[in-house]
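Heads up: the structure comes next, in structure tokens.
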Protein chains: 4
Amino acid sequence: MRPDQATAAATVPAPKAKRMPRAQREQLMLDAAVSVFAKSGYHSASMDEIAEAGGVSKPMLYLYLGSKEELFAACLRREAGGLVAAFRDAAAPQLPPGDQLFGGLVAFFRFVGERRDSWALLNQHARSSGGEPVVAEVGQVRRQVVAAVTALVRRAVGSGVQEDPTGRDRGEAAAIAEAIVGAADALARWVAETGGEPPEDSARRLMSVLWIGLEPRMRGARFVPATPSN
Amino acid sequence: MRPDQATAAATVPAPKAKRMPRAQREQLMLDAAVSVFAKSGYHSASMDEIAEAGGVSKPMLYLYLGSKEELFAACLRREAGGLVAAFRDAAAPQLPPGDQLFGGLVAFFRFVGERRDSWALLNQHARSSGGEPVVAEVGQVRRQVVAAVTALVRRAVGSGVQEDPTGRDRGEAAAIAEAIVGAADALARWVAETGGEPPEDSARRLMSVLWIGLEPRMRGARFVPATPSN
Amino acid sequence: MRPDQATAAATVPAPKAKRMPRAQREQLMLDAAVSVFAKSGYHSASMDEIAEAGGVSKPMLYLYLGSKEELFAACLRREAGGLVAAFRDAAAPQLPPGDQLFGGLVAFFRFVGERRDSWALLNQHARSSGGEPVVAEVGQVRRQVVAAVTALVRRAVGSGVQEDPTGRDRGEAAAIAEAIVGAADALARWVAETGGEPPEDSARRLMSVLWIGLEPRMRGARFVPATPSN
Amino acid sequence: MRPDQATAAATVPAPKAKRMPRAQREQLMLDAAVSVFAKSGYHSASMDEIAEAGGVSKPMLYLYLGSKEELFAACLRREAGGLVAAFRDAAAPQLPPGDQLFGGLVAFFRFVGERRDSWALLNQHARSSGGEPVVAEVGQVRRQVVAAVTALVRRAVGSGVQEDPTGRDRGEAAAIAEAIVGAADALARWVAETGGEPPEDSARRLMSVLWIGLEPRMRGARFVPATPSN
DNA sequence: GATGAATGAGAGTTCATTCAT
DNA sequence: CATGAATGAACTCTCATTCAT
């Protein structure tokens with residue numbers, strides 16, 4: 001028995017289905033790649049492993065997807081696209097901003113709960129893995145989401161954001177949106193670690209702190225330490 | 001005593017200072033390793049690079065630090081320790097909880113702003129890099145911070161957290177603490193990208209949304225969608 | 001009959017002309033192969049490239065030509081045949097030997113100037129590329145040419161070659177023929193690099209040194225160093 | 001027994017001499033590489049083979065020589081240097097040009113006869129093997145030699161070269177030099193195939209045709225076909 | 001007859017890691 | 001104590017070659 005057989009068998013090789021059209025094979029390969037990348041991270045994953053998990057030979061991987069980095073990028077693109085689509089579809093524009101954000105968060109938590117690998121890929125591994133263009137691509141996606149949330153924050157509080165005459169607060173809404181997204185990320189991890197809960201509950205948790213705090217903050221309320229700083 | 005050579009020599013191969021006590025050598029190596037890991041990430045960094053940056057030969061590196069993974073872990077331990085210490089020192093226990101959290105956040109944002117390499121290591125590269133023990137290590141640190149914040153949240157709202165008779169809210173404070181920490185991370189990145197601002201400002205931004213929203217939320221206020229979900 | 005598609009379609013993938021007699025297909029493939037081999041060399045050329053350039057699928061290539069090496073050999077055979085034929089046709093046997101050689105050289109230089117790919121194949125790539133049989137094949141061709149030239153040299157100087165009673169000069173004519181052929185090769189490269197000139201000029205250059213030197217040499221003239229060798 | 005052992009053992013692995021200084025190891029590696037490249041050509045030679053022939057591991061090859069292409073270039077540089085040096089040392093500048101060329105040719109034929117691998121490398125494999133810079137390098141060497149010969153030709157015939165008032169013959173000496181060098185190459189191959197002879201004999205053969213033909217040619221003698229060309 | 005789909009085998013390259021001086 | 005010298009083991013990627021339709 002060869003020594004590396006044990007680890008190679010860790011990921012289940014798909015049942016050999018020969019001779020299928022290119023588009024379909026490509027999806028299978030992406031499925032396998034997402035799964036392996038999510039498990040091992042970009043660097044530790046080997047193309048051999050991915051090929052085996054996908055039930056194809058390495059040359060097919062390269063023929064269809066180009067290179068390891070392109071493969072990784074394709075995975076990220078597909079999964080990020082799914083997440084963004086879920087978010088956007090759930091945040092119906094005719095709703096009030098709070099409901100939009102709530103809907104989007106529900107979709108987000110559902111995605112995180114249901115597609116573990118996708119989320120692991122996007123959240124853990126995309127940050128520091130591939131080359132510059134790949135990271136940029138995923139950063140782009142995050143920026144889109146933040147921009148959408150920023151718009152919602154702005155709409156929610158009217159023009160309150162721009163009342164500061166000094167202009168120092170111009171990025172305020174963006175900062176809040178960043179905080180919301182970051183909090184959602186963290187909460188998602190917490191939910192996963194804690195054992196899961198309905199996505200609606202997670203979304204409500206977040207909204208119940210962040211959205212409720214939004215209004216007084218935008219009216220001008222500021223945190224002031226009770227004790228003077230050093 | 002010579003001027004502080006240790007911190008300055010991080011990237012430049014220090015002029016060979018032979019015969020130096022082991023503990024000091026080790027710190028020099030860690031300095032170099034932190035710098036290199038932060039720049040290239042765990043996998044792309046090579047032991048050659050680190051040895052050269054530290055002005056030592058590779059066998060010394062291995063003799064003192066064991067292996068690449070152990071070296072990485074040692075870096076994380078040291079830097080995480082620094083962050084936790086900074087946070088804890090700033091959150092003086094005799095202050096009211098809000099002030100404690102505020103102080104801790106100021107320290108956090110200062111750390112992020114001043115020790116870029118350390119933060120890059122902890123935030124970007126630790127997530128998906130080493131094997132299990134390394135990841136566990138960093139997860140441990142995060143959990144410590146979250147626990148501290150959780151305690152503050154509990155103290156801040158009195159026993160309100162446990163009022164829910166169904167017990168469904170038992171993790172509420174923890175969830176909020178997670179969200180706060182996640183929001184702080186995200187805000188830190190935003191600040192870095194936006195060009196920097198005084199750490200007090202960043203801390204105030206966060207407190208002005210999260211802490212202000214905390215009180216009504218704990219009094220029982222909940223977000224309820226204006227439109228019934230399907 | 002359509003305009004001469006065969007030679008034109010060497011690099012551009014010819015518009016798919018299906019159902020074409022085997023012999024013709026084969027020539028098209030050879031055209032493509034010659035062009036690609038000449039451009040990239042034997043090893044760097046890929047069968048994919050050749051198949052695409054020829055407007056056929058790879059299995060056809062293999063069906064008709066066998067293997068990469070056989071394909072290369074077929075190319076060499078065809079092109080070498082062309083060169084030898086050109087040389088022979090130009091060296092009309094009823095002419096005096098000098099005129100025969102001159103005519104052959106003119107044909108040779110014309111071939112080199114007009115069929116660049118063929119010449120590149122024969123001169124550059126055949127030397128070190130395929131396995132033994134291929135090299136042998138090309139060596140064979142060269143030997144034919146040298147033999148023809150040798151005969152001309154012999155005829156030109158009468159039986160002078162065999163006059164040496166010691167027999168040490170038995171290969172003399174052959175050696176001279178080799179030198180002539182080598183000089184022609186080198187001159188061909190020089191002409192190509194220098195920008196080209198009428199083939200008659202190149203042939204005359206060569207004849208004006210080599211042929212003129214032939215006669216005194218065959219009469220017994222020998223180079224003798226002015227200074228005694230060590 | 002592993003299946004590739006047979007072919008690997010084809011080149012004799014040097015007796016394991018461990019721990020030697022870098023410069024020396026490098027020479028051994030180059031020796032091995034020259035031998036293997038000469039035998040198989042650039043593309044067919046594998047780094048494994050070279051490493052084994054040199055009694056080192058592949059990483060050493062890469063550490064010392066950089067890459068396959070750089071290794072090949074280093075081989076060419078070393079061998080070409082040897083050949084040029086031999087030629088130059090033998091062509092003492094105080095001698096008359098004919099003796100200089102004769103001496104150089106003797107050295108050349110000696111080199112070809114004694115260092116078969118070097119010559120195979122330079123003559124067969126360098127033409128179409130490595131990337132552009134490598135080929136250029138070797139081309140450069142040939143050009144140096146041709147330039148030296150050109151100078152000798154010029155000196156030998158005085159200013160006869162420039163007598164042609166039309167200027168069309170400006171490259172004449174260069175063309176003759178090219179022809180001489182090409183003839184030497186070809187003769188070298190012939191000598192090798194025929195079984196070898198003293199280098200002085202080969203040099204005399206060449207001089208006895210080319211150099212003797214030089215003078216009348218430079219006096220204006222031209223080959224004129226006895227029969228008018230078509 | 002003709003081809004899209006598929007692969008076994010091997011190449012160059014790099015790295016963490018360890019002797020032997 | 002300290003290091004130049006050395007390597008086993010992988011990894012990404014490519015190519016000639018062949019099924020199965």
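Residues in the structure tokens are named by chain (A, B, ... in the order shown) and by number from 1 within that chain; ligands are numbered from 1 in the order shown.
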Per residue of chain F within 10 Å of chain A, record the nearest atom pair and its distance in Å to one decimal, counting only C-alpha atoms (C1' of nucleotides), with rows in chain order and ascending residue number, as CSV.
```
residue,atom,partner,partner_atom,distance
F:DA10,C1',A:Ser46,CA,9.5
F:DC11,C1',A:Ser46,CA,7.3
F:DT12,C1',A:Met47,CA,7.8
F:DC13,C1',A:Tyr62,CA,7.9
F:DT14,C1',A:Pro59,CA,8.2
F:DC15,C1',A:Pro59,CA,9.7
F:DA20,C1',A:Arg19,CA,7.9
F:DT21,C1',A:Arg19,CA,8.9
```
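A least-squares superposition of chain A onto chain B that uses all C-alpha atoms in sequence order produces an RMSD of 5.4 Å.
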| task | Up to 9 Å from chain C, what residues of chain D turn up? Count only C-alpha atoms and give them as number ranges by chain. | result | D: 40-44, 95-96, 98-99, 102-103, 124-129, 172, 174-176, 178-187, 189-191, 204-218, 221-227, 229
| request: Take CA of Gly196 (chain A) and CA of Gly104 (chain A) and report the distance between them in Å, one decimal. | output: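 Result for CA of Gly196 (chain A) versus CA of Gly104 (chain A): 18.1 Å, one decimal.
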| message | Could you work out which residues of chain A fall inside 12 Å of chain E? Count only C-alpha atoms (C1' of nucleotides), and format the result as a ChimeraX atom specification. | response | /A:17-22,25,51,55-61,63-64
Export of the given selection (C-alpha atoms) as a short mmCIF file (atom, residue, chain, number, x, y, z; two decimals), in the first residue's frame:
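What follows is the written file part_26.cif:
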```cif
data_model
loop_
_atom_site.label_atom_id
_atom_site.label_comp_id
_atom_site.auth_asym_id
_atom_site.auth_seq_id
_atom_site.Cartn_x
_atom_site.Cartn_y
_atom_site.Cartn_z
CA ALA A 17 -19.02 9.51 -14.65
CA LYS A 18 -17.18 9.55 -17.94
CA ARG A 19 -17.72 11.59 -21.04
CA MET A 20 -19.76 14.53 -19.98
CA PRO A 21 -20.07 17.91 -21.65
CA ARG A 22 -17.56 20.52 -20.75
CA ARG A 25 -17.53 18.87 -15.85
CA ALA A 51 -8.38 16.47 -9.25
CA GLY A 55 -12.98 12.55 -10.29
CA VAL A 56 -10.82 13.96 -13.06
CA SER A 57 -7.20 13.95 -13.99
CA LYS A 58 -5.00 16.92 -13.44
CA PRO A 59 -4.65 17.78 -17.11
CA MET A 60 -8.40 18.33 -17.29
CA LEU A 61 -8.21 20.76 -14.44
CA LEU A 63 -7.26 22.48 -19.57
CA TYR A 64 -10.52 23.81 -18.26
#
```
| request: To one decimal in Å, tell me the separation between CA of Phe109 (chain B) and CA of Pro199 (chain B). | output: 5.0 Å
| Glu137 (chain B) environment, 10 Å, only C-alpha atoms (C1' of nucleotides), sequence neighbours closer than 5 positions dropped, as JSON, numbers by chain | {"B": [73, 74, 76, 77, 80, 126, 132, 142, 143]}
| remark: Correct to one decimal, the distance CA of Gln140 (chain A)-CA of Leu121 (chain A) is 15.3 Å
